[in-house]
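Structure file final19.txt with compact mmCIF, C-alpha atoms:
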# COMPACT_ATOMS: atom_id res chain seq x y z
CA MET A 1 -6.04 -2.66 -30.00
CA ALA A 2 -9.80 -2.39 -29.63
CA ALA A 3 -10.24 -6.14 -29.89
CA GLU A 4 -7.83 -6.82 -27.00
CA VAL A 5 -9.58 -4.22 -24.88
CA GLN A 6 -12.93 -5.82 -25.60
CA VAL A 7 -11.57 -9.24 -24.65
CA PHE A 8 -10.28 -7.73 -21.40
CA ASP A 9 -13.68 -6.17 -20.70
CA ALA A 10 -15.46 -9.44 -21.41
CA VAL A 11 -13.13 -11.36 -19.08
CA LEU A 12 -13.67 -8.69 -16.43
CA VAL A 13 -17.45 -8.96 -16.69
CA VAL A 14 -17.41 -12.77 -16.52
CA LEU A 15 -15.05 -12.70 -13.53
CA LEU A 16 -17.22 -10.13 -11.74
CA LEU A 17 -20.37 -12.16 -12.22
CA TRP A 18 -18.63 -15.36 -11.15
CA LEU A 19 -17.02 -13.78 -8.07
CA GLY A 20 -20.28 -12.13 -7.10
CA TRP A 21 -22.04 -15.47 -7.29
CA ARG A 22 -19.26 -17.27 -5.39
CA ALA A 23 -19.29 -14.62 -2.65
CA LEU A 24 -23.01 -15.26 -2.20
CA ALA A 25 -22.97 -19.01 -2.55
CA SER A 26 -19.80 -20.35 -1.00
CA ALA A 27 -20.43 -22.26 2.19
CA ASP A 28 -17.27 -21.02 3.89
CA LEU A 29 -17.82 -17.44 5.07
CA PHE A 30 -14.10 -16.68 5.05
CA LYS A 31 -13.91 -17.63 1.40
CA ALA A 32 -17.02 -15.56 0.74
CA VAL A 33 -15.41 -12.49 2.32
CA VAL A 34 -12.17 -12.93 0.37
CA GLN A 35 -14.18 -13.33 -2.81
CA PHE A 36 -16.11 -10.17 -1.95
CA ILE A 37 -12.85 -8.25 -1.53
CA VAL A 38 -11.49 -9.50 -4.85
CA PHE A 39 -14.87 -8.62 -6.36
CA GLY A 40 -14.47 -5.05 -5.10
CA LEU A 41 -10.97 -4.75 -6.55
CA LEU A 42 -12.12 -6.02 -9.95
CA LEU A 43 -15.13 -3.71 -9.76
CA SER A 44 -12.79 -0.75 -9.32
CA LEU A 45 -10.98 -1.93 -12.47
CA ALA A 46 -14.35 -1.89 -14.20
CA TRP A 47 -14.85 1.73 -13.07
CA VAL A 48 -11.44 2.60 -14.52
CA ARG A 49 -12.52 1.01 -17.81
CA LEU A 50 -15.67 3.15 -17.69
CA GLY A 51 -13.52 6.27 -17.34
CA ALA A 52 -14.53 7.00 -13.73
CA PRO A 53 -11.27 7.02 -11.75
CA ASP A 54 -12.93 8.87 -8.85
CA VAL A 55 -15.41 6.06 -8.34
CA ALA A 56 -12.65 3.49 -8.86
CA LEU A 57 -10.58 5.04 -6.08
CA ALA A 58 -13.53 5.07 -3.71
CA GLU A 59 -14.54 1.51 -4.61
CA ALA A 60 -11.04 0.13 -4.10
CA ALA A 61 -10.47 1.96 -0.82
CA ILE A 62 -13.94 1.75 0.74
CA GLY A 63 -15.75 -1.06 -1.06
CA ALA A 64 -12.89 -3.53 -1.12
CA GLY A 65 -10.52 -2.27 1.58
CA LEU A 66 -12.52 -0.95 4.51
CA ALA A 67 -15.64 -3.03 3.94
CA GLY A 68 -13.38 -6.06 3.65
CA ALA A 69 -11.63 -5.21 6.91
CA LEU A 70 -15.03 -4.77 8.59
CA LEU A 71 -16.22 -8.14 7.31
CA LEU A 72 -13.03 -9.91 8.41
CA ASP A 73 -13.37 -8.28 11.82
CA THR A 74 -16.96 -9.48 12.01
CA LEU A 75 -15.85 -13.00 11.11
CA ALA A 76 -13.27 -12.92 13.90
CA ARG A 77 -16.00 -11.83 16.31
CA LEU A 78 -18.27 -14.63 15.16
CA GLY A 79 -15.55 -17.10 16.01
CA ARG A 80 -15.13 -20.53 14.50
CA SER A 81 -18.65 -21.70 15.24
CA GLY A 82 -20.33 -18.70 13.65
CA ALA A 83 -18.16 -18.72 10.56
CA ALA A 84 -19.82 -21.79 9.11
CA ASP A 85 -23.25 -20.81 7.86
CA GLU A 86 -25.41 -23.93 7.72
CA ALA A 87 -27.91 -22.13 5.53
CA ARG A 88 -25.27 -22.00 2.82
CA PRO A 89 -25.00 -23.05 0.04
CA LEU A 90 -28.07 -21.21 -0.98
CA GLY A 91 -31.29 -22.89 -0.09
CA LEU A 92 -34.26 -20.99 -1.44
CA THR A 93 -36.25 -19.87 1.56
CA PRO A 94 -39.32 -17.70 0.85
CA ALA A 95 -37.49 -14.60 2.09
CA ARG A 96 -34.53 -15.26 -0.19
CA THR A 97 -36.82 -15.91 -3.12
CA GLY A 98 -38.51 -12.60 -2.46
CA ILE A 99 -35.21 -10.74 -2.25
CA ALA A 100 -33.95 -12.46 -5.39
CA LEU A 101 -37.13 -11.55 -7.27
CA ALA A 102 -36.95 -7.94 -6.08
CA ALA A 103 -33.28 -7.70 -7.11
CA LEU A 104 -34.03 -9.25 -10.49
CA GLY A 105 -36.94 -6.85 -10.95
CA LEU A 106 -34.71 -3.89 -10.13
CA ALA A 107 -32.06 -5.18 -12.51
CA ALA A 108 -34.68 -5.56 -15.23
CA LEU A 109 -35.88 -2.00 -14.63
CA LEU A 110 -32.31 -0.68 -14.83
CA VAL A 111 -31.64 -2.59 -18.06
CA ALA A 112 -34.95 -1.41 -19.49
CA SER A 113 -34.24 2.22 -18.63
CA ALA A 114 -30.70 1.96 -20.02
CA LEU A 115 -32.17 0.57 -23.25
CA ALA A 116 -34.84 3.27 -23.29
CA LEU A 117 -32.23 6.03 -23.34
CA PRO A 118 -32.29 7.89 -26.64
CA GLU A 119 -29.50 6.89 -28.99
CA ARG A 120 -27.94 10.32 -28.85
CA TRP A 121 -28.71 11.90 -25.56
CA PRO A 122 -26.19 14.56 -24.59
CA GLY A 123 -26.75 13.94 -20.88
CA LEU A 124 -25.94 16.54 -18.28
CA ALA A 125 -22.23 16.60 -19.02
CA GLU A 126 -22.50 19.66 -21.26
CA PRO A 127 -24.32 21.98 -18.81
CA ALA A 128 -22.07 20.71 -16.00
CA LEU A 129 -18.97 21.59 -17.99
CA GLN A 130 -20.41 24.97 -19.02
CA GLN A 131 -20.88 25.98 -15.39
CA LEU A 132 -17.51 24.60 -14.35
CA ARG A 133 -15.87 28.02 -14.28
CA ALA A 134 -18.39 29.26 -11.70
CA SER A 135 -18.09 26.13 -9.56
CA GLY A 136 -14.76 27.02 -7.95
CA VAL A 137 -13.01 23.82 -9.05
CA SER A 138 -11.92 22.41 -12.39
CA ASN A 139 -12.67 18.74 -11.73
CA PRO A 140 -16.26 18.19 -12.91
CA VAL A 141 -16.74 15.34 -10.43
CA THR A 142 -15.83 17.52 -7.46
CA ALA A 143 -17.94 20.34 -8.91
CA THR A 144 -20.91 17.99 -9.05
CA LEU A 145 -20.39 16.51 -5.59
CA LEU A 146 -19.58 19.68 -3.69
CA ASN A 147 -21.38 22.36 -5.66
CA TYR A 148 -24.17 21.35 -8.06
CA ARG A 149 -25.33 18.48 -5.87
CA ALA A 150 -23.88 19.62 -2.54
CA TRP A 151 -27.19 18.78 -0.88
CA ASP A 152 -26.71 15.07 -1.66
CA THR A 153 -23.19 15.09 -0.30
CA LEU A 154 -24.30 16.88 2.86
CA LEU A 155 -26.81 14.12 3.49
CA GLU A 156 -24.20 11.45 2.72
CA VAL A 157 -21.93 12.85 5.40
CA GLY A 158 -24.97 12.90 7.69
CA VAL A 159 -25.71 9.24 6.97
CA LEU A 160 -22.16 8.27 7.90
CA MET A 161 -22.49 10.21 11.14
CA LEU A 162 -25.75 8.41 11.93
CA ALA A 163 -24.10 5.06 11.20
CA VAL A 164 -21.43 5.59 13.83
CA LEU A 165 -24.04 6.84 16.30
CA GLY A 166 -25.92 3.59 15.71
CA VAL A 167 -22.80 1.55 16.42
CA TRP A 168 -22.20 3.49 19.61
CA ILE A 169 -25.78 3.03 20.76
CA LEU A 170 -25.59 -0.73 20.30
CA GLU A 171 -24.07 -2.51 23.21
CA ALA A 172 -20.72 -3.91 22.17
CA GLU A 173 -20.40 -7.61 21.59
CA PRO A 174 -18.06 -9.18 24.09
CA ALA A 175 -15.04 -9.87 21.95
CA LEU A 176 -12.77 -12.86 21.99
CA PRO A 177 -9.68 -12.37 24.14
CA ARG A 178 -7.64 -10.05 22.07
CA PRO A 179 -4.47 -11.44 20.54
CA ALA A 180 -1.70 -8.95 20.99
CA PRO A 181 -0.44 -7.00 18.01
CA ASP A 182 2.54 -8.27 16.12
CA PRO A 183 5.66 -6.09 16.21
CA MET A 184 5.81 -6.25 12.43
CA LEU A 185 2.47 -4.42 12.32
CA GLY A 186 4.12 -1.65 14.31
CA LEU A 187 6.81 -1.41 11.65
CA LEU A 188 4.20 -1.35 8.91
CA LEU A 189 2.37 1.40 10.79
CA ARG A 190 5.48 3.52 11.27
CA VAL A 191 6.24 3.43 7.56
CA LEU A 192 2.74 3.60 6.12
CA LEU A 193 0.94 6.02 8.44
CA PRO A 194 2.97 9.11 7.47
CA LEU A 195 2.54 8.12 3.84
CA THR A 196 -1.23 7.76 4.16
CA VAL A 197 -1.44 11.18 5.80
CA ILE A 198 0.58 12.79 3.01
CA VAL A 199 -1.32 11.04 0.24
CA ALA A 200 -4.68 11.85 1.87
CA GLY A 201 -3.74 15.52 1.99
CA TYR A 202 -2.62 15.30 -1.61
CA LEU A 203 -5.89 13.65 -2.67
CA LEU A 204 -7.88 16.32 -0.85
CA TRP A 205 -5.98 19.11 -2.58
CA VAL A 206 -5.81 17.52 -6.02
CA GLY A 207 -9.57 16.83 -5.93
CA ALA A 208 -10.13 20.39 -7.13
CA HIS A 209 -8.73 19.61 -10.56
CA ALA A 210 -8.16 15.86 -10.87
CA PRO A 211 -9.61 12.61 -9.52
CA GLY A 212 -9.52 12.70 -5.73
CA GLY A 213 -11.36 14.52 -2.97
CA ALA A 214 -12.65 14.19 0.54
CA PHE A 215 -14.02 10.66 0.36
CA GLN A 216 -10.92 9.17 -1.25
CA GLY A 217 -8.61 10.99 1.14
CA ALA A 218 -10.75 9.93 4.08
CA ALA A 219 -10.68 6.31 2.97
CA LEU A 220 -6.88 6.40 2.94
CA LEU A 221 -6.71 8.07 6.33
CA ALA A 222 -9.15 5.50 7.64
CA ALA A 223 -7.01 2.68 6.28
CA GLY A 224 -4.11 4.17 8.21
CA GLY A 225 -6.33 4.37 11.28
CA VAL A 226 -7.41 0.73 10.96
CA LEU A 227 -3.76 -0.27 10.66
CA TRP A 228 -3.05 1.80 13.74
CA HIS A 229 -5.80 0.02 15.62
CA LEU A 230 -4.43 -3.37 14.59
CA ALA A 231 -0.89 -2.46 15.59
CA ARG A 232 -1.71 -0.47 18.75
CA PRO A 233 -5.34 -0.88 19.79
CA LEU A 234 -7.17 2.43 19.81
CA SER A 235 -10.01 3.23 22.08
CA LEU A 236 -12.46 5.28 20.05
CA GLY A 237 -15.53 5.35 22.22
CA PRO A 238 -17.82 8.37 22.22
CA SER A 239 -15.46 10.66 24.12
CA PRO A 240 -16.01 14.44 23.67
CA VAL A 241 -13.05 14.84 21.31
CA VAL A 242 -14.11 11.91 19.15
CA ARG A 243 -17.69 13.16 19.05
CA ALA A 244 -16.52 16.63 18.04
CA VAL A 245 -14.48 15.30 15.12
CA VAL A 246 -17.29 12.94 14.05
CA VAL A 247 -19.72 15.86 13.90
CA LEU A 248 -17.22 18.37 12.45
CA GLY A 249 -17.75 17.60 8.75
CA PHE A 250 -21.52 17.67 8.90
CA ALA A 251 -21.51 20.75 11.13
CA VAL A 252 -19.20 22.76 8.85
CA PHE A 253 -21.17 21.68 5.78
CA LEU A 254 -24.47 22.61 7.42
CA ALA A 255 -23.09 25.92 8.71
CA VAL A 256 -21.98 26.82 5.20
CA GLY A 257 -25.44 25.87 3.95
CA VAL A 258 -27.16 28.05 6.51
CA ALA A 259 -24.75 30.92 5.90
CA THR A 260 -25.32 30.82 2.15
CA ALA A 261 -29.08 30.64 2.73
CA VAL A 262 -29.03 33.67 5.04
CA LEU A 263 -26.41 35.82 3.35
CA GLY A 264 -26.47 34.79 -0.27
CA GLY A 265 -28.29 33.10 -3.06
CA GLY A 266 -29.84 30.21 -1.17
CA LEU A 267 -29.05 26.99 0.65
CA LEU A 268 -25.64 25.68 -0.52
CA THR A 269 -25.49 28.11 -3.43
CA PHE A 270 -21.88 29.22 -3.31
CA PRO A 271 -20.81 32.65 -4.59
CA PRO A 272 -18.54 31.81 -7.55
CA GLU A 273 -15.65 33.99 -6.35
CA HIS A 274 -15.37 32.11 -3.03
CA ALA A 275 -16.61 28.70 -4.17
CA GLY A 276 -13.12 27.18 -4.40
CA ALA A 277 -12.20 28.12 -0.83
CA ILE A 278 -15.59 27.07 0.53
CA ILE A 279 -15.33 23.68 -1.15
CA LEU A 280 -11.82 23.14 0.22
CA VAL A 281 -12.93 24.00 3.78
CA ILE A 282 -15.96 21.69 3.56
CA GLU A 283 -13.88 18.89 2.08
CA ALA A 284 -11.13 19.20 4.68
CA ALA A 285 -13.64 19.02 7.54
CA ALA A 286 -15.57 16.23 5.87
CA MET A 287 -12.38 14.26 5.25
CA LEU A 288 -11.41 14.31 8.93
CA SER A 289 -14.92 13.34 10.01
CA ILE A 290 -15.38 10.59 7.45
CA ALA A 291 -11.97 9.12 8.25
CA LEU A 292 -12.64 9.07 11.98
CA ILE A 293 -16.14 7.70 11.43
CA MET A 294 -14.81 4.82 9.37
CA VAL A 295 -12.15 3.99 11.95
CA ALA A 296 -14.75 4.24 14.73
CA LEU A 297 -17.02 1.87 12.82
CA PHE A 298 -14.14 -0.59 12.65
CA VAL A 299 -13.09 -0.19 16.28
CA GLY A 300 -16.65 -0.33 17.55
CA ARG A 301 -17.61 0.41 21.08
CA GLU A 302 -15.70 -1.40 23.75
CA ARG A 303 -17.21 -2.87 26.81
CA ALA A 304 -13.91 -3.18 28.60
CA PRO A 305 -10.47 -1.91 27.68
CA SER A 306 -9.53 -5.38 26.45
CA ASP A 307 -12.58 -5.67 24.26
CA ALA A 308 -11.46 -3.55 21.35
CA GLY A 309 -12.01 -4.88 17.84
CA ILE A 310 -10.09 -7.96 16.89
CA PRO A 311 -7.62 -7.95 14.08
CA ASP A 312 -8.34 -10.21 11.17
CA SER A 313 -6.94 -13.68 11.00
CA ALA A 314 -3.76 -12.49 9.33
CA ALA A 315 -2.89 -10.23 12.20
CA ASP A 316 -2.84 -12.17 15.42
CA ALA A 317 0.21 -12.71 17.58
CA SER A 318 1.17 -13.11 21.19
CA ALA A 319 2.14 -10.26 23.53
CA VAL A 320 0.36 -7.64 25.63
CA PRO A 321 -1.81 -4.97 23.98
CA GLY A 322 -0.08 -1.63 23.55
CA ALA A 323 -1.23 1.47 25.35
CA PRO A 324 -4.55 2.73 23.98
CA ASN A 325 -4.53 6.17 22.43
CA PRO A 326 -7.76 7.77 23.56
CA GLY A 327 -9.25 10.21 21.15
CA ALA A 328 -6.31 10.06 18.79
CA ALA A 329 -7.47 11.06 15.35
CA PRO A 330 -5.48 9.40 12.62
CA MET B 1 16.97 0.45 -35.34
CA SER B 2 16.51 3.70 -33.48
CA GLY B 3 16.83 4.24 -29.75
CA ASP B 4 13.07 4.28 -29.33
CA ASP B 5 12.72 0.87 -30.95
CA VAL B 6 15.37 -0.62 -28.67
CA ARG B 7 13.68 0.92 -25.68
CA GLY B 8 10.26 -0.39 -26.68
CA ALA B 9 11.59 -3.88 -27.28
CA LEU B 10 13.47 -3.92 -23.99
CA SER B 11 10.37 -2.68 -22.21
CA LEU B 12 8.22 -5.42 -23.73
CA LEU B 13 10.84 -8.00 -22.87
CA LEU B 14 10.95 -6.92 -19.23
CA ILE B 15 7.15 -6.86 -18.92
CA ALA B 16 6.91 -10.30 -20.51
CA ALA B 17 9.52 -11.61 -18.06
CA GLY B 18 7.53 -10.11 -15.19
CA MET B 19 4.36 -11.77 -16.48
CA LEU B 20 6.23 -15.07 -16.47
CA PHE B 21 6.89 -14.62 -12.76
CA PHE B 22 3.22 -13.86 -12.12
CA LEU B 23 2.24 -16.93 -14.10
CA ALA B 24 4.70 -19.09 -12.16
CA GLY B 25 3.45 -17.59 -8.90
CA SER B 26 -0.18 -18.34 -9.77
CA VAL B 27 0.65 -21.89 -10.82
CA GLY B 28 2.60 -22.28 -7.58
CA VAL B 29 -0.33 -21.11 -5.47
CA LEU B 30 -2.59 -23.59 -7.21
CA ARG B 31 -0.23 -26.53 -7.37
CA LEU B 32 2.14 -26.47 -4.40
CA PRO B 33 1.17 -28.73 -1.52
CA ASP B 34 1.42 -26.56 1.60
CA LEU B 35 1.01 -23.02 2.80
CA LEU B 36 4.64 -21.99 3.19
CA SER B 37 5.60 -23.19 -0.29
CA ARG B 38 2.60 -21.35 -1.70
CA LEU B 39 3.62 -18.17 0.08
CA HIS B 40 7.09 -18.63 -1.32
CA ALA B 41 5.68 -18.83 -4.85
CA LEU B 42 3.41 -15.86 -4.29
CA THR B 43 6.07 -13.51 -2.96
CA LYS B 44 8.30 -14.20 -5.95
CA ALA B 45 5.49 -13.00 -8.18
CA ASP B 46 4.95 -9.97 -5.97
CA ASN B 47 8.48 -8.70 -5.81
CA LEU B 48 10.31 -9.96 -8.90
CA GLY B 49 7.32 -10.06 -11.23
CA LEU B 50 6.06 -6.64 -10.29
CA GLY B 51 9.63 -5.30 -10.24
CA LEU B 52 10.20 -6.42 -13.82
CA VAL B 53 6.85 -5.03 -14.97
CA VAL B 54 7.64 -1.73 -13.25
CA LEU B 55 11.08 -1.63 -14.87
CA GLY B 56 9.47 -2.23 -18.24
CA LEU B 57 6.92 0.52 -17.65
CA MET B 58 9.67 2.90 -16.50
CA LEU B 59 11.23 2.59 -19.95
CA GLN B 60 7.97 3.89 -21.42
CA ALA B 61 7.57 6.72 -18.91
CA ASP B 62 7.37 10.29 -20.16
CA ASP B 63 9.35 12.01 -17.42
CA ALA B 64 11.43 11.40 -14.32
CA PHE B 65 8.45 12.03 -12.03
CA GLU B 66 6.57 9.12 -13.54
CA VAL B 67 9.65 6.89 -13.11
CA LEU B 68 9.78 7.84 -9.44
CA ARG B 69 6.09 7.16 -8.98
CA LEU B 70 6.45 3.71 -10.52
CA LEU B 71 9.43 3.01 -8.27
CA LEU B 72 7.37 4.09 -5.25
CA VAL B 73 4.54 1.74 -6.27
CA TRP B 74 6.97 -1.15 -6.44
CA LEU B 75 8.64 -0.34 -3.12
CA LEU B 76 5.28 0.00 -1.36
CA VAL B 77 3.97 -3.29 -2.70
CA LEU B 78 7.27 -4.96 -1.84
CA PHE B 79 7.07 -3.70 1.71
CA ALA B 80 3.39 -4.45 2.24
CA SER B 81 3.55 -7.88 0.66
CA SER B 82 6.53 -9.01 2.71
CA VAL B 83 4.82 -7.95 5.93
CA ALA B 84 1.55 -9.55 4.81
CA CYS B 85 3.41 -12.75 3.91
CA TYR B 86 5.08 -12.81 7.32
CA LEU B 87 1.73 -12.27 9.07
CA VAL B 88 -0.01 -15.00 7.09
CA ALA B 89 2.82 -17.45 7.76
CA ARG B 90 2.88 -16.53 11.42
CA SER B 91 -0.84 -16.88 11.93
CA ALA B 92 -0.76 -20.22 10.12
CA LEU B 93 2.06 -21.36 12.41
CA ARG B 94 0.01 -20.39 15.43
CA ALA B 95 -3.13 -22.01 14.12
CA HIS B 96 -1.51 -25.30 13.19
CA GLY B 97 1.11 -25.57 15.91
CA ASP B 98 4.68 -25.89 14.75
CA ALA B 99 3.96 -28.13 11.79
CA PRO B 100 2.75 -25.72 9.11
CA THR B 101 3.53 -28.19 6.34
CA ALA B 102 0.73 -30.36 7.63
CA ALA B 103 -1.93 -27.73 7.01
CA PRO B 104 -4.56 -29.96 5.47
CA GLU B 105 -7.54 -28.00 4.22
CA GLY B 106 -7.19 -24.33 4.89
CA PRO B 107 -4.03 -23.05 3.21
CA ASP B 108 -5.84 -22.16 0.04
CA GLU B 109 -7.75 -19.34 1.69
CA ASP B 110 -4.91 -18.15 3.87
CA THR B 111 -2.58 -17.66 0.96
CA ARG B 112 -4.90 -15.31 -0.81
CA ASP B 113 -4.50 -12.79 1.96
CA GLY B 114 -0.93 -12.31 0.87
CA ARG B 115 -1.93 -10.74 -2.41
Let me see the file written as structure tokens.
Amino acid sequence: MAAEVQVFDAVLVVLLLWLGWRALASADLFKAVVQFIVFGLLLSLAWVRLGAPDVALAEAAIGAGLAGALLLDTLARLGRSGAADEARPLGLTPARTGIALAALGLAALLVASALALPERWPGLAEPALQQLRASGVSNPVTATLLNYRAWDTLLEVGVLMLAVLGVWILEAEPALPRPAPDPMLGLLLRVLLPLTVIVAGYLLWVGAHAPGGAFQGAALLAAGGVLWHLARPLSLGPSPVVRAVVVLGFAVFLAVGVATAVLGGGLLTFPPEHAGAIILVIEAAAMLSIALIMVALFVGRERAPSDAGIPDSAADASAVPGAPNPGAAP
Amino acid sequence: MSGDDVRGALSLLLIAAGMLFFLAGSVGVLRLPDLLSRLHALTKADNLGLGLVVLGLMLQADDAFEVLRLLLVWLLVLFASSVACYLVARSALRAHGDAPTAAPEGPDEDTRDGR
């Protein structure tokens, strides 16, 4: 058994390296994007092999799915002329050499530090598991993200919020005339959207004791939102409702932090008896915000009603755009 | 031979048959001349191949819930892949006019979207 598994791992590693290289080096940007998406999917398999299903879920949904959709959308905006990068295949400009050297240096540091780890180092798993009972949840990953290291997660939600603010501040690129959604996409949406909502809620709830949580649920919701936008173009500009939902997760998280600092043991130190409920509230708010942020990143800011994001090449057709749904949260 | 043995053998047989479809689908994507034929090969792998693998895995499932989950996985992939296949074919038709069989260079990339 072990031998087969090792063969599988070896094949996975070789494929990852090869796909990573192809995604960087192929002259056709469309091919590069497809290779990047496949790379993300295989990477999530690698996370499963490493026993990290939480990371695998996030990688598959965000790294491969949403990032892939964003890249395809960008390609569509670049148009045919922009999609061929003359600088590819890789010529070694000074800047690229510098970046390559820096990346290699970082990789060497990481390898060196991994090799420098003591043979038998217990890591932080033991103390994390010992405190699990006081954390309010029974999934050590959620306990780490939302309790022990809640500060990091707060800032992560803040970074996402800043990202969408940046997109809104930038003037929108005038898009190509928008091909109208295909009716089949509407069918896909009608079947899949309710399912994504249910599964996102399930992931949010199950995150307390099994792989799942706010980010995974949000990624699913966002996938539903992107599908919605492709089937019936959304307009997700910075309207008051959209802004409120974008800020919600960070605001709730921060409010909890301030409340615990004022009333209790310190910033983001949850009282053990309420920790479970606090984490659920934070995660629910964060899930809504993250999902809307990711959809808003995909939709971008429109200059005119007809300028909404363009569907990827697989999704163009030939009728009139459907009615926009202002401020509709997925 | 006990019931468990029969079940295990049947399960392996079904999974192997499913793998055969995936193999044929991959060979088809690589070898067939034009986009629509490639899509044809790919969708067979998606629905029959995955269906057989799922059936085989169902035989190894511990409880009815797991069987239902596997069935749901298959149905979802079936649904998504047929819509994706339709969209790829349709966008290829639009890109190349009404002669999709004459798609000279591009079909290789387009097909991969259907996965």
Would you please work out which residue, of A:Ala150, A:Val245, A:Leu227, A:Val14, is nearest to chain B when using only C-alpha atoms?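 Nearest candidate to chain B out of A:Ala150, A:Val245, A:Leu227, A:Val14: A:Leu227.
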Which residues of chain B sit at most 6 Å from chain A, using all atoms listed in the file? Give each one's shortest atom pair and distance in Å (one decimal place), in chain and ascending residue order, as CSV.
residue,atom,partner,partner_atom,distance
B:Leu87,CA,A:Ala314,CA,5.5
B:Val88,CA,A:Ala314,CA,5.0
B:Ser91,CA,A:Ala314,CA,5.9
Quick one: write out the picked residues with C-alpha atoms as a short mmCIF file (atom, residue, chain, number, x, y, z; two decimals), keeping the file's coordinate frame?
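Heads up, here's the output in selection27.cif:
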data_model
loop_
_atom_site.label_atom_id
_atom_site.label_comp_id
_atom_site.auth_asym_id
_atom_site.auth_seq_id
_atom_site.Cartn_x
_atom_site.Cartn_y
_atom_site.Cartn_z
CA LEU B 87 1.73 -12.27 9.07
CA VAL B 88 -0.01 -15.00 7.09
CA SER B 91 -0.84 -16.88 11.93
#
Which residue is closest to A:Leu220? Choose from A:Leu43, A:Leu129, A:Leu292, A:Met161 and count all atoms listed in the file. A:Leu292
Which value, in Å to one decimal, gives the distance between atom CA of A:Ala231 and atom CA of A:Met287? 22.8 Å
Skipping near chain neighbours, those fewer than 4 positions away, what residues fall within 6 Å of A:Gly213 using all atoms listed in the file, listed as an MDAnalysis selection string? chainID A and resid 203:204 207
Nearest candidate to B:Val77 (options B:Ala24, B:Met58, B:Ala89, B:Thr43; using all atoms listed in the file):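 For B:Val77, the nearest of the given residues is B:Thr43.
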List every protein, DNA or RNA residue that has an atom no more than 8 Å from (9.9, -11.6, -11.5) in the file's coordinate frame, counting all atoms listed in the file, and report them as a list in words. Ala17, Gly18, Met19, Leu20, Phe21, Phe22, Lys44, Ala45, Asp46, Asn47, Leu48, Gly49, Leu50, Gly51 and Leu52 of chain B
Would you compute the distance between atom CA of A:Phe298 and atom CA of A:Ala214? Give it in Å to one decimal.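 Computed distance, atom CA of A:Phe298 to atom CA of A:Ala214, equals 19.2 Å.
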To one decimal in Å, tell me the separation between atom CA of B:Ser37 and atom CA of B:Ser82. 14.5 Å
Name the closest residue to A:Ala163 among the candidates A:Leu145, A:Ala275, A:Ala296, A:Val33; distances are taken between atoms, counting only C-alpha atoms.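 Result for the nearest residue to A:Ala163: A:Ala296.
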Take every atom of stretch 281-299 of chain A listed in the file, pad by 6 Å on each side, and give me the axis-aligned box centre and edge lengths in Å, one decimal, as AutoDock Vina command-line options.
--center_x -14.1 --center_y 11.7 --center_z 9.2 --size_x 17.9 --size_y 36.6 --size_z 26.2
Since the input is missing atoms for stretch 7-18 of chain B, could you rebuild it with N, CA and C atoms and give the result as a PDB file, in the frame of the given file?
ATOM      1  N   ARG B   7      14.314   0.704 -26.977  1.00  0.00           N
ATOM      2  CA  ARG B   7      13.680   0.920 -25.680  1.00  0.00           C
ATOM      3  C   ARG B   7      12.347   0.188 -25.589  1.00  0.00           C
ATOM      4  N   GLY B   8      11.547   0.292 -26.663  1.00  0.00           N
ATOM      5  CA  GLY B   8      10.260  -0.390 -26.680  1.00  0.00           C
ATOM      6  C   GLY B   8      10.420  -1.889 -26.558  1.00  0.00           C
ATOM      7  N   ALA B   9      11.381  -2.429 -27.310  1.00  0.00           N
ATOM      8  CA  ALA B   9      11.590  -3.880 -27.280  1.00  0.00           C
ATOM      9  C   ALA B   9      12.034  -4.325 -25.901  1.00  0.00           C
ATOM     10  N   LEU B  10      12.971  -3.579 -25.327  1.00  0.00           N
ATOM     11  CA  LEU B  10      13.470  -3.920 -23.990  1.00  0.00           C
ATOM     12  C   LEU B  10      12.327  -3.875 -22.970  1.00  0.00           C
ATOM     13  N   SER B  11      11.498  -2.833 -23.122  1.00  0.00           N
ATOM     14  CA  SER B  11      10.370  -2.680 -22.210  1.00  0.00           C
ATOM     15  C   SER B  11       9.429  -3.877 -22.297  1.00  0.00           C
ATOM     16  N   LEU B  12       9.108  -4.272 -23.539  1.00  0.00           N
ATOM     17  CA  LEU B  12       8.220  -5.420 -23.730  1.00  0.00           C
ATOM     18  C   LEU B  12       8.834  -6.680 -23.147  1.00  0.00           C
ATOM     19  N   LEU B  13      10.140  -6.820 -23.362  1.00  0.00           N
ATOM     20  CA  LEU B  13      10.840  -8.000 -22.870  1.00  0.00           C
ATOM     21  C   LEU B  13      10.738  -8.087 -21.346  1.00  0.00           C
ATOM     22  N   LEU B  14      10.991  -6.941 -20.689  1.00  0.00           N
ATOM     23  CA  LEU B  14      10.950  -6.920 -19.230  1.00  0.00           C
ATOM     24  C   LEU B  14       9.543  -7.233 -18.714  1.00  0.00           C
ATOM     25  N   ILE B  15       8.525  -6.617 -19.367  1.00  0.00           N
ATOM     26  CA  ILE B  15       7.150  -6.860 -18.920  1.00  0.00           C
ATOM     27  C   ILE B  15       6.776  -8.317 -19.115  1.00  0.00           C
ATOM     28  N   ALA B  16       7.208  -8.887 -20.261  1.00  0.00           N
ATOM     29  CA  ALA B  16       6.910 -10.300 -20.510  1.00  0.00           C
ATOM     30  C   ALA B  16       7.582 -11.169 -19.444  1.00  0.00           C
ATOM     31  N   ALA B  17       8.823 -10.843 -19.084  1.00  0.00           N
ATOM     32  CA  ALA B  17       9.520 -11.610 -18.060  1.00  0.00           C
ATOM     33  C   ALA B  17       8.780 -11.506 -16.725  1.00  0.00           C
ATOM     34  N   GLY B  18       8.290 -10.292 -16.427  1.00  0.00           N
ATOM     35  CA  GLY B  18       7.530 -10.110 -15.190  1.00  0.00           C
ATOM     36  C   GLY B  18       6.263 -10.952 -15.192  1.00  0.00           C
TER      37      GLY B  18
END
